[in-house]
Structure formats: structure tokens, C-alpha cells
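Trainee: This is work_14.csv (CSV, C-alpha atoms).
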```csv
chain,number,residue,atom,x,y,z
A,953,MET,CA,130.4,41.4,-89.4
A,954,THR,CA,127.9,41.0,-92.2
A,955,LYS,CA,124.2,41.2,-91.4
A,956,PHE,CA,124.0,37.5,-92.1
A,957,ALA,CA,126.9,36.6,-89.7
A,958,THR,CA,125.3,38.7,-87.0
A,959,PHE,CA,121.9,37.0,-87.5
A,960,LYS,CA,123.4,33.6,-87.6
A,961,GLU,CA,125.2,34.2,-84.3
A,962,TYR,CA,122.0,35.5,-82.7
A,963,LEU,CA,119.7,32.7,-83.9
A,964,THR,CA,122.1,29.7,-83.3
A,965,SER,CA,122.5,30.9,-79.7
A,966,TYR,CA,118.7,31.2,-79.4
A,967,LEU,CA,118.0,27.7,-80.9
A,968,ARG,CA,120.6,26.0,-78.7
A,969,LYS,CA,118.9,27.5,-75.6
A,970,GLU,CA,115.2,27.3,-76.5
A,971,LEU,CA,114.7,24.0,-78.5
A,972,ALA,CA,113.3,21.4,-76.1
A,973,GLY,CA,115.7,18.5,-75.2
A,974,ASN,CA,113.1,15.9,-76.3
A,975,LEU,CA,113.2,17.1,-79.9
A,976,PHE,CA,115.4,14.1,-80.7
A,977,TYR,CA,115.0,14.7,-84.4
A,978,HIS,CA,114.1,18.4,-84.7
A,979,GLY,CA,116.9,19.6,-82.4
A,980,PHE,CA,119.6,22.1,-83.2
A,981,HIS,CA,121.7,19.2,-84.8
A,982,HIS,CA,119.0,18.8,-87.5
A,983,THR,CA,119.1,22.5,-88.3
A,984,MET,CA,122.9,22.3,-88.7
A,985,ASP,CA,122.7,19.1,-90.9
A,986,VAL,CA,120.1,20.8,-93.2
A,987,TYR,CA,122.4,23.9,-93.3
A,988,SER,CA,125.3,21.8,-94.7
A,989,TYR,CA,123.0,20.0,-97.1
A,990,VAL,CA,121.7,23.4,-98.4
A,991,VAL,CA,125.2,24.5,-99.1
A,992,GLU,CA,126.0,21.3,-100.9
A,993,ILE,CA,122.8,21.4,-103.1
A,994,ALA,CA,123.0,25.1,-103.8
A,995,LYS,CA,126.6,24.7,-105.1
A,996,ALA,CA,125.6,21.9,-107.4
A,997,GLU,CA,122.6,23.8,-108.6
A,998,GLY,CA,124.7,27.0,-109.3
A,999,VAL,CA,123.0,29.3,-106.9
A,1000,ASN,CA,124.5,32.8,-106.6
A,1001,ARG,CA,125.9,34.3,-103.4
A,1002,SER,CA,122.9,36.5,-102.4
A,1003,ASP,CA,120.4,33.7,-102.9
A,1004,LEU,CA,122.6,31.3,-100.9
A,1005,THR,CA,122.6,33.8,-98.0
A,1006,LEU,CA,118.8,33.8,-98.1
A,1007,LEU,CA,118.8,30.0,-98.2
A,1008,LYS,CA,121.0,29.9,-95.1
A,1009,VAL,CA,118.7,32.4,-93.3
A,1010,ALA,CA,115.7,30.2,-94.2
A,1011,VAL,CA,117.5,27.0,-92.9
A,1012,LEU,CA,118.3,28.6,-89.6
A,1013,LEU,CA,114.6,29.7,-89.2
A,1014,HIS,CA,112.8,26.8,-90.7
A,1015,ASP,CA,112.3,24.9,-87.4
A,1016,ALA,CA,112.7,27.8,-85.0
A,1017,GLY,CA,108.9,27.6,-84.5
A,1018,PHE,CA,109.4,24.4,-82.6
A,1019,THR,CA,110.5,26.7,-79.7
A,1020,GLN,CA,106.8,27.6,-79.4
A,1021,THR,CA,104.7,24.9,-80.9
A,1022,TYR,CA,104.9,21.4,-82.4
A,1023,ILE,CA,102.0,21.4,-84.8
A,1024,GLY,CA,102.1,24.3,-87.3
A,1025,HIS,CA,105.7,25.2,-86.4
A,1026,GLU,CA,106.3,26.5,-90.0
A,1027,ASP,CA,103.8,29.3,-89.6
A,1028,VAL,CA,105.4,30.3,-86.3
A,1029,SER,CA,108.9,30.2,-88.0
A,1030,CYS,CA,107.5,32.5,-90.7
A,1031,GLU,CA,106.1,34.9,-88.1
A,1032,MET,CA,109.5,34.9,-86.4
A,1033,ALA,CA,111.2,35.7,-89.7
A,1034,LYS,CA,108.9,38.7,-90.1
A,1035,THR,CA,109.6,40.0,-86.6
A,1036,LEU,CA,113.4,39.3,-86.4
A,1037,LEU,CA,114.8,39.8,-89.9
A,1038,PRO,CA,114.0,43.6,-90.2
A,1039,GLN,CA,116.2,44.0,-87.1
A,1040,PHE,CA,119.1,42.6,-89.1
A,1041,ASP,CA,118.5,44.8,-92.2
A,1042,PHE,CA,116.7,42.2,-94.3
A,1043,ASN,CA,114.0,43.9,-96.6
A,1044,SER,CA,110.4,42.8,-97.1
A,1045,GLU,CA,111.2,41.1,-100.4
A,1046,GLU,CA,113.9,39.0,-98.8
A,1047,ILE,CA,111.7,38.1,-95.9
A,1048,ALA,CA,108.9,37.0,-98.3
A,1049,GLN,CA,111.4,34.7,-100.0
A,1050,VAL,CA,112.6,33.3,-96.7
A,1051,CYS,CA,108.9,32.6,-95.7
A,1052,GLY,CA,108.3,30.9,-99.0
A,1053,MET,CA,111.3,28.6,-98.3
A,1054,ILE,CA,110.1,27.8,-94.8
A,1055,GLN,CA,106.6,27.0,-96.0
A,1056,ALA,CA,108.1,24.7,-98.7
A,1057,THR,CA,109.3,22.3,-95.9
A,1058,LYS,CA,105.7,21.7,-94.9
A,1059,ILE,CA,104.6,18.1,-95.6
A,1060,PRO,CA,103.4,17.4,-98.3
A,1061,GLN,CA,106.1,19.6,-99.8
A,1062,LYS,CA,105.0,22.0,-102.6
A,1063,PRO,CA,108.1,24.2,-103.5
A,1064,ARG,CA,107.4,26.7,-106.2
A,1065,ASN,CA,111.0,27.8,-107.2
A,1066,LEU,CA,114.6,26.7,-107.1
A,1067,LEU,CA,115.4,28.1,-103.6
A,1068,GLU,CA,112.3,26.5,-102.2
A,1069,LYS,CA,113.1,23.2,-103.9
A,1070,ILE,CA,116.6,23.3,-102.4
A,1071,LEU,CA,115.4,23.8,-98.8
A,1072,ALA,CA,112.7,21.2,-99.2
A,1073,ASP,CA,115.2,18.6,-100.5
A,1074,ALA,CA,117.8,19.5,-97.8
A,1075,ASP,CA,115.2,19.1,-95.0
A,1076,LEU,CA,114.6,15.4,-96.0
A,1077,LEU,CA,117.9,14.6,-97.6
A,1078,TYR,CA,118.6,11.9,-95.0
A,1079,LEU,CA,116.0,9.7,-96.7
A,1080,GLY,CA,118.5,9.0,-99.4
A,1081,THR,CA,121.6,8.6,-97.3
A,1082,LYS,CA,123.4,5.8,-95.3
A,1083,ARG,CA,122.3,7.6,-92.2
A,1084,PHE,CA,118.6,6.9,-92.9
A,1085,LYS,CA,118.1,4.4,-90.1
A,1086,GLU,CA,120.2,6.3,-87.5
A,1087,VAL,CA,118.3,9.6,-88.2
A,1088,GLY,CA,115.0,7.9,-88.6
A,1089,ASP,CA,115.4,6.3,-85.2
A,1090,THR,CA,115.6,9.8,-83.6
A,1091,LEU,CA,112.3,10.8,-85.4
A,1092,PHE,CA,110.7,7.6,-84.0
A,1093,GLU,CA,111.8,8.5,-80.5
A,1094,GLU,CA,110.5,12.1,-81.0
A,1095,MET,CA,107.1,10.9,-82.3
A,1096,LYS,CA,106.7,8.6,-79.4
A,1097,VAL,CA,106.8,11.7,-77.2
A,1098,TYR,CA,104.8,14.1,-79.4
A,1099,SER,CA,102.3,11.9,-81.2
A,1100,GLY,CA,101.9,8.8,-79.1
A,1101,LEU,CA,103.4,6.6,-81.8
A,1102,GLY,CA,103.5,3.0,-80.4
A,1103,ASN,CA,105.8,0.4,-81.8
A,1104,SER,CA,108.4,-0.1,-84.5
A,1105,ALA,CA,106.0,-2.1,-86.7
A,1106,GLU,CA,103.7,1.0,-86.8
A,1107,TRP,CA,106.8,3.2,-87.4
A,1108,ASN,CA,108.0,1.0,-90.3
A,1109,ASN,CA,104.6,1.3,-92.0
A,1110,ILE,CA,104.7,5.1,-91.6
A,1111,GLN,CA,108.2,5.2,-93.1
A,1112,LYS,CA,107.3,2.9,-96.0
A,1113,LYS,CA,104.3,5.1,-96.9
A,1114,PHE,CA,106.4,8.3,-96.5
A,1115,LEU,CA,109.2,7.0,-98.7
A,1116,GLU,CA,106.8,5.8,-101.4
A,1117,HIS,CA,105.2,9.3,-101.7
A,1118,HIS,CA,108.4,11.4,-101.3
A,1119,HIS,CA,110.3,12.7,-104.2
A,1120,TYR,CA,113.3,15.0,-104.5
A,1121,HIS,CA,112.7,18.3,-106.3
A,1122,THR,CA,116.2,19.3,-107.5
A,1123,ASP,CA,118.1,17.5,-110.4
A,1124,TYR,CA,121.1,17.1,-108.1
A,1125,CYS,CA,119.2,15.3,-105.4
A,1126,ARG,CA,117.3,13.1,-107.8
A,1127,LYS,CA,120.6,12.0,-109.3
A,1128,THR,CA,122.6,11.8,-106.1
A,1129,TYR,CA,120.2,10.6,-103.4
A,1130,GLU,CA,117.2,8.9,-105.1
A,1131,PRO,CA,119.1,5.6,-105.7
A,1132,MET,CA,120.0,5.2,-102.0
A,1133,LYS,CA,116.5,6.2,-101.0
A,1134,GLN,CA,115.1,3.3,-103.0
A,1135,LYS,CA,117.5,1.0,-101.2
A,1136,ASN,CA,116.3,2.3,-97.9
A,1137,LEU,CA,112.7,1.7,-98.9
A,1138,LYS,CA,113.5,-1.9,-99.8
A,1139,LYS,CA,115.1,-2.4,-96.4
A,1140,ILE,CA,111.9,-1.1,-94.7
A,1141,ILE,CA,109.7,-3.3,-96.9
A,1142,SER,CA,111.8,-6.3,-95.9
A,1143,LEU,CA,111.4,-5.5,-92.2
A,1144,ILE,CA,107.6,-5.2,-92.7
A,1145,ASP,CA,107.6,-8.5,-94.6
A,1146,LYS,CA,109.3,-10.1,-91.6
A,1147,GLY,CA,106.6,-8.7,-89.3
A,1148,GLN,CA,108.9,-6.1,-87.7
```
Would you mind writing the file's structure down as C-alpha cells?
Mentor:
Amino acid sequence: MTKFATFKEYLTSYLRKELAGNLFYHGFHHTMDVYSYVVEIAKAEGVNRSDLTLLKVAVLLHDAGFTQTYIGHEDVSCEMAKTLLPQFDFNSEEIAQVCGMIQATKIPQKPRNLLEKILADADLLYLGTKRFKEVGDTLFEEMKVYSGLGNSAEWNNIQKKFLEHHHYHTDYCRKTYEPMKQKNLKKIISLIDKGQ
């Protein structure tokens, strides 16, 4: 087994066990969705094999911090990367890159290079898909638990503001997912206009 395969096996097993059941959005399923989006975007952006491996490592770790904290989970994920990855033969330069990618998922997103842009886009890709409502509803449920969010009118206003300020960072996502994101924004605005 490659060092990545061994790491993936270890971390997926850890996440399945340790992520809380009321992480309706940030559960293991989210990590796996983002994993497949990263592969899709990386292919379109022409990323080489070793960079793709680092991207996959970063995806698996990017929300691992939720096993310990809700606020500031990216910093915890990065600390986990520094502790865990040397055990799987990743060097300090690779670990620094992985931490950069994890931090690029922090809101507001400020990715500094292509790999960071890819993970940042993959993390919020659902905004520009037909699954926007379905996935958004899971985040609404999670925020009710973790941040005391009240009703759907409040949630729709949060979503409107978020969609208006969000932008994709890679050419591929701008071309492929921005048009649907704009449609999703129009749907939210129409709900707000109806007082929902």
C-alpha cells in the first residue's frame, strides 16, 4: 500500500467513528463529497499526480478538527496534520502545503495558489449545483444545533448574503458552477420576497 492509501484508510476510519452525529452538514459524507469534487476540479485544472495526492490528504483532514471543536476547527485540523502526517512519511514541506489548503477553506476564503483554490472551491461547490437546497437544509439543521439559528427566514437571509459574497477561484468552477449558483441565488431572493 502507498503511504497515501494507508493514511486514507486510517483517517476515514477515524472520521466515521469520531465525527458527532449532529454534524448534519459537516459529517463524513461532506468530506467524501468534497473528495470527489477535488478530483473533478484537479483533473480539469491539469494538476499532476503528486499534487493531487496532497489535495486528497488535505480534503480528508480539512474538517477533522470538528472531532474536537466547532469554532476554529481549521486550526485543529492543521495541528492534526502536523502530528499525524509524519507517521505516514509525509515531509515538512508537504505538511505545510496541506495546512495551507486546510486554511484556505476558512470563511472568508483567501486561497493563495492553485491547490488552495481547488480545495476552497470543492468545499463550497454545492452552492452551484442542483443539490443546493438539499445540502443547504443539512447546514440549516446543523446551525440550529451549534449556533442557535432560529427560523428559515433568518436562514434564507444568511444564504442570500453568503451567495452574494461568494466567488469561485478556479477557472473550471467559474465556468461550470457559477451559472447554477446565480440561479440558486435568484430562488433564495424569491423566497425572501415572499416573506419565507
Trainee: Work out how far atom CA of A:Asp1123 is from atom CA of A:Arg1001, in Å to one decimal.
Mentor: 19.8 Å
Trainee: Could you check the closest approach to A:Pro1060 for each of A:Met1095, A:Leu1115, A:Leu1004, A:Val1009 and tell me which residue wins, using all atoms listed in the file?
Mentor: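 Of all the options, A:Leu1115 lies closest to A:Pro1060.
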Trainee: Mind giving me the straight-line distance from atom CA of A:Leu1066 to atom CA of A:Thr1005 in Å, one decimal?
Mentor: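 It comes out at 14.0 Å.
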Trainee: A:His1117: which residues within 12 Å, counting all atoms listed in the file, same-chain residues fewer than 3 positions away excluded, as a ChimeraX atom specification?
Mentor: /A:1059-1061,1079,1110-1114,1120,1133-1134,1137
Trainee: Which residue, A:Ile1144, A:Leu1037, A:Cys1030, A:Val986, has the smallest gap to A:Ile1070 when you use only C-alpha atoms?
Mentor: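 With only C-alpha atoms as the atom set, the closest residue is A:Val986.
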Trainee: Could you give me, as JSON lines, every stretch 990-1100 of chain A residue with an atom at most 12 Å from stretch 960-963 of chain A, plus its closest atom pair and distance in Å to one decimal, counting all atoms listed in the file, rows ordered by chain then number?
Mentor:
```
{"residue": "A:Thr1005", "atom": "CA", "partner": "A:Lys960", "partner_atom": "CA", "distance": 10.4}
{"residue": "A:Leu1006", "atom": "CA", "partner": "A:Lys960", "partner_atom": "CA", "distance": 11.5}
{"residue": "A:Lys1008", "atom": "CA", "partner": "A:Lys960", "partner_atom": "CA", "distance": 8.7}
{"residue": "A:Val1009", "atom": "CA", "partner": "A:Lys960", "partner_atom": "CA", "distance": 7.5}
{"residue": "A:Ala1010", "atom": "CA", "partner": "A:Lys960", "partner_atom": "CA", "distance": 10.7}
{"residue": "A:Val1011", "atom": "CA", "partner": "A:Lys960", "partner_atom": "CA", "distance": 10.3}
{"residue": "A:Leu1012", "atom": "CA", "partner": "A:Leu963", "partner_atom": "CA", "distance": 7.2}
{"residue": "A:Leu1013", "atom": "CA", "partner": "A:Leu963", "partner_atom": "CA", "distance": 7.9}
{"residue": "A:His1014", "atom": "CA", "partner": "A:Leu963", "partner_atom": "CA", "distance": 11.3}
{"residue": "A:Asp1015", "atom": "CA", "partner": "A:Leu963", "partner_atom": "CA", "distance": 11.3}
{"residue": "A:Ala1016", "atom": "CA", "partner": "A:Leu963", "partner_atom": "CA", "distance": 8.6}
{"residue": "A:Gly1017", "atom": "CA", "partner": "A:Leu963", "partner_atom": "CA", "distance": 12.0}
{"residue": "A:Thr1019", "atom": "CA", "partner": "A:Leu963", "partner_atom": "CA", "distance": 11.8}
{"residue": "A:Ser1029", "atom": "CA", "partner": "A:Leu963", "partner_atom": "CA", "distance": 11.8}
{"residue": "A:Met1032", "atom": "CA", "partner": "A:Leu963", "partner_atom": "CA", "distance": 10.7}
{"residue": "A:Ala1033", "atom": "CA", "partner": "A:Leu963", "partner_atom": "CA", "distance": 10.7}
{"residue": "A:Leu1036", "atom": "CA", "partner": "A:Leu963", "partner_atom": "CA", "distance": 9.5}
{"residue": "A:Leu1037", "atom": "CA", "partner": "A:Leu963", "partner_atom": "CA", "distance": 10.5}
{"residue": "A:Gln1039", "atom": "CA", "partner": "A:Tyr962", "partner_atom": "CA", "distance": 11.2}
{"residue": "A:Phe1040", "atom": "CA", "partner": "A:Tyr962", "partner_atom": "CA", "distance": 10.0}
```
Trainee: Got a sec to check which residues sit within 10 Å of (106.2, 25.6, -97.9), counting all atoms listed in the file, and write them as a PyMOL selection string?
Mentor: chain A and resi 1014+1026-1027+1051-1064+1068-1069+1071-1072
Trainee: Measuring between only C-alpha atoms, which one of A:Leu1143, A:Met953, A:Val1028, A:Cys1125 shows the shortest distance to A:Leu1077?
Mentor: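 Among the listed residues, the smallest separation from A:Leu1077 belongs to A:Cys1125.
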Trainee: Considering all atoms listed in the file, state which residue in the set A:Ser965, A:Thr1081, A:Glu1045, A:His1121 is at the smallest distance from A:Asn1065.
Mentor: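 Among A:Ser965, A:Thr1081, A:Glu1045, A:His1121, it is A:His1121 that comes nearest to A:Asn1065.
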Trainee: Which of these residues is nearest to A:Tyr1124, using all atoms listed in the file: A:His982, A:Glu1086, A:Thr954, A:Ala1074?
Mentor: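 Using all atoms listed in the file, A:Tyr1124 sits closest to A:Ala1074.
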Trainee: What is the distance between atom CA of A:Thr1035 and atom CA of A:Ala1048, in Å to one decimal?
Mentor: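 Distance reported for this atom pair: 12.1 Å.
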Trainee: Reconstruct N, CA and C atoms of stretch 954-974 of chain A; output as an mmCIF file, in the coordinates of the input.
Mentor:
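Output contents, as saved in out-v2.cif:
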```
data_model
loop_
_atom_site.group_PDB
_atom_site.id
_atom_site.type_symbol
_atom_site.label_atom_id
_atom_site.label_comp_id
_atom_site.auth_asym_id
_atom_site.auth_seq_id
_atom_site.Cartn_x
_atom_site.Cartn_y
_atom_site.Cartn_z
ATOM 1 N N THR A 954 129.001 40.785 -91.291
ATOM 2 C CA THR A 954 127.900 41.000 -92.200
ATOM 3 C C THR A 954 126.571 40.872 -91.453
ATOM 4 N N LYS A 955 125.484 41.340 -92.085
ATOM 5 C CA LYS A 955 124.200 41.200 -91.400
ATOM 6 C C LYS A 955 123.842 39.725 -91.241
ATOM 7 N N PHE A 956 124.264 38.880 -92.205
ATOM 8 C CA PHE A 956 124.000 37.500 -92.100
ATOM 9 C C PHE A 956 124.761 36.843 -90.893
ATOM 10 N N ALA A 957 126.034 37.176 -90.789
ATOM 11 C CA ALA A 957 126.900 36.600 -89.700
ATOM 12 C C ALA A 957 126.293 37.014 -88.333
ATOM 13 N N THR A 958 125.844 38.261 -88.217
ATOM 14 C CA THR A 958 125.300 38.700 -87.000
ATOM 15 C C THR A 958 123.969 37.964 -86.655
ATOM 16 N N PHE A 959 123.147 37.781 -87.705
ATOM 17 C CA PHE A 959 121.900 37.000 -87.500
ATOM 18 C C PHE A 959 122.160 35.591 -87.157
ATOM 19 N N LYS A 960 123.117 34.977 -87.836
ATOM 20 C CA LYS A 960 123.400 33.600 -87.600
ATOM 21 C C LYS A 960 123.875 33.384 -86.115
ATOM 22 N N GLU A 961 124.717 34.267 -85.668
ATOM 23 C CA GLU A 961 125.200 34.200 -84.300
ATOM 24 C C GLU A 961 124.043 34.306 -83.296
ATOM 25 N N TYR A 962 123.156 35.257 -83.556
ATOM 26 C CA TYR A 962 122.000 35.500 -82.700
ATOM 27 C C TYR A 962 121.097 34.219 -82.679
ATOM 28 N N LEU A 963 120.741 33.736 -83.872
ATOM 29 C CA LEU A 963 119.700 32.700 -83.900
ATOM 30 C C LEU A 963 120.275 31.322 -83.472
ATOM 31 N N THR A 964 121.525 31.011 -83.788
ATOM 32 C CA THR A 964 122.100 29.700 -83.300
ATOM 33 C C THR A 964 122.107 29.684 -81.797
ATOM 34 N N SER A 965 122.447 30.804 -81.194
ATOM 35 C CA SER A 965 122.500 30.900 -79.700
ATOM 36 C C SER A 965 121.047 30.688 -79.185
ATOM 37 N N TYR A 966 120.057 31.318 -79.822
ATOM 38 C CA TYR A 966 118.700 31.200 -79.400
ATOM 39 C C TYR A 966 118.180 29.733 -79.528
ATOM 40 N N LEU A 967 118.459 29.094 -80.665
ATOM 41 C CA LEU A 967 118.000 27.700 -80.900
ATOM 42 C C LEU A 967 118.619 26.741 -79.897
ATOM 43 N N ARG A 968 119.910 26.891 -79.657
ATOM 44 C CA ARG A 968 120.600 26.000 -78.700
ATOM 45 C C ARG A 968 119.919 26.087 -77.317
ATOM 46 N N LYS A 969 119.522 27.287 -76.941
ATOM 47 C CA LYS A 969 118.900 27.500 -75.600
ATOM 48 C C LYS A 969 117.463 27.063 -75.560
ATOM 49 N N GLU A 970 116.702 27.373 -76.622
ATOM 50 C CA GLU A 970 115.200 27.300 -76.500
ATOM 51 C C GLU A 970 114.616 25.997 -77.083
ATOM 52 N N LEU A 971 115.319 25.251 -77.956
ATOM 53 C CA LEU A 971 114.700 24.000 -78.500
ATOM 54 C C LEU A 971 114.672 22.963 -77.376
ATOM 55 N N ALA A 972 113.520 22.322 -77.209
ATOM 56 C CA ALA A 972 113.300 21.400 -76.100
ATOM 57 C C ALA A 972 114.277 20.153 -76.278
ATOM 58 N N GLY A 973 114.728 19.625 -75.154
ATOM 59 C CA GLY A 973 115.700 18.500 -75.200
ATOM 60 C C GLY A 973 115.059 17.211 -75.722
ATOM 61 N N ASN A 974 113.709 17.104 -75.736
ATOM 62 C CA ASN A 974 113.100 15.900 -76.300
ATOM 63 C C ASN A 974 112.752 16.002 -77.766
#
```
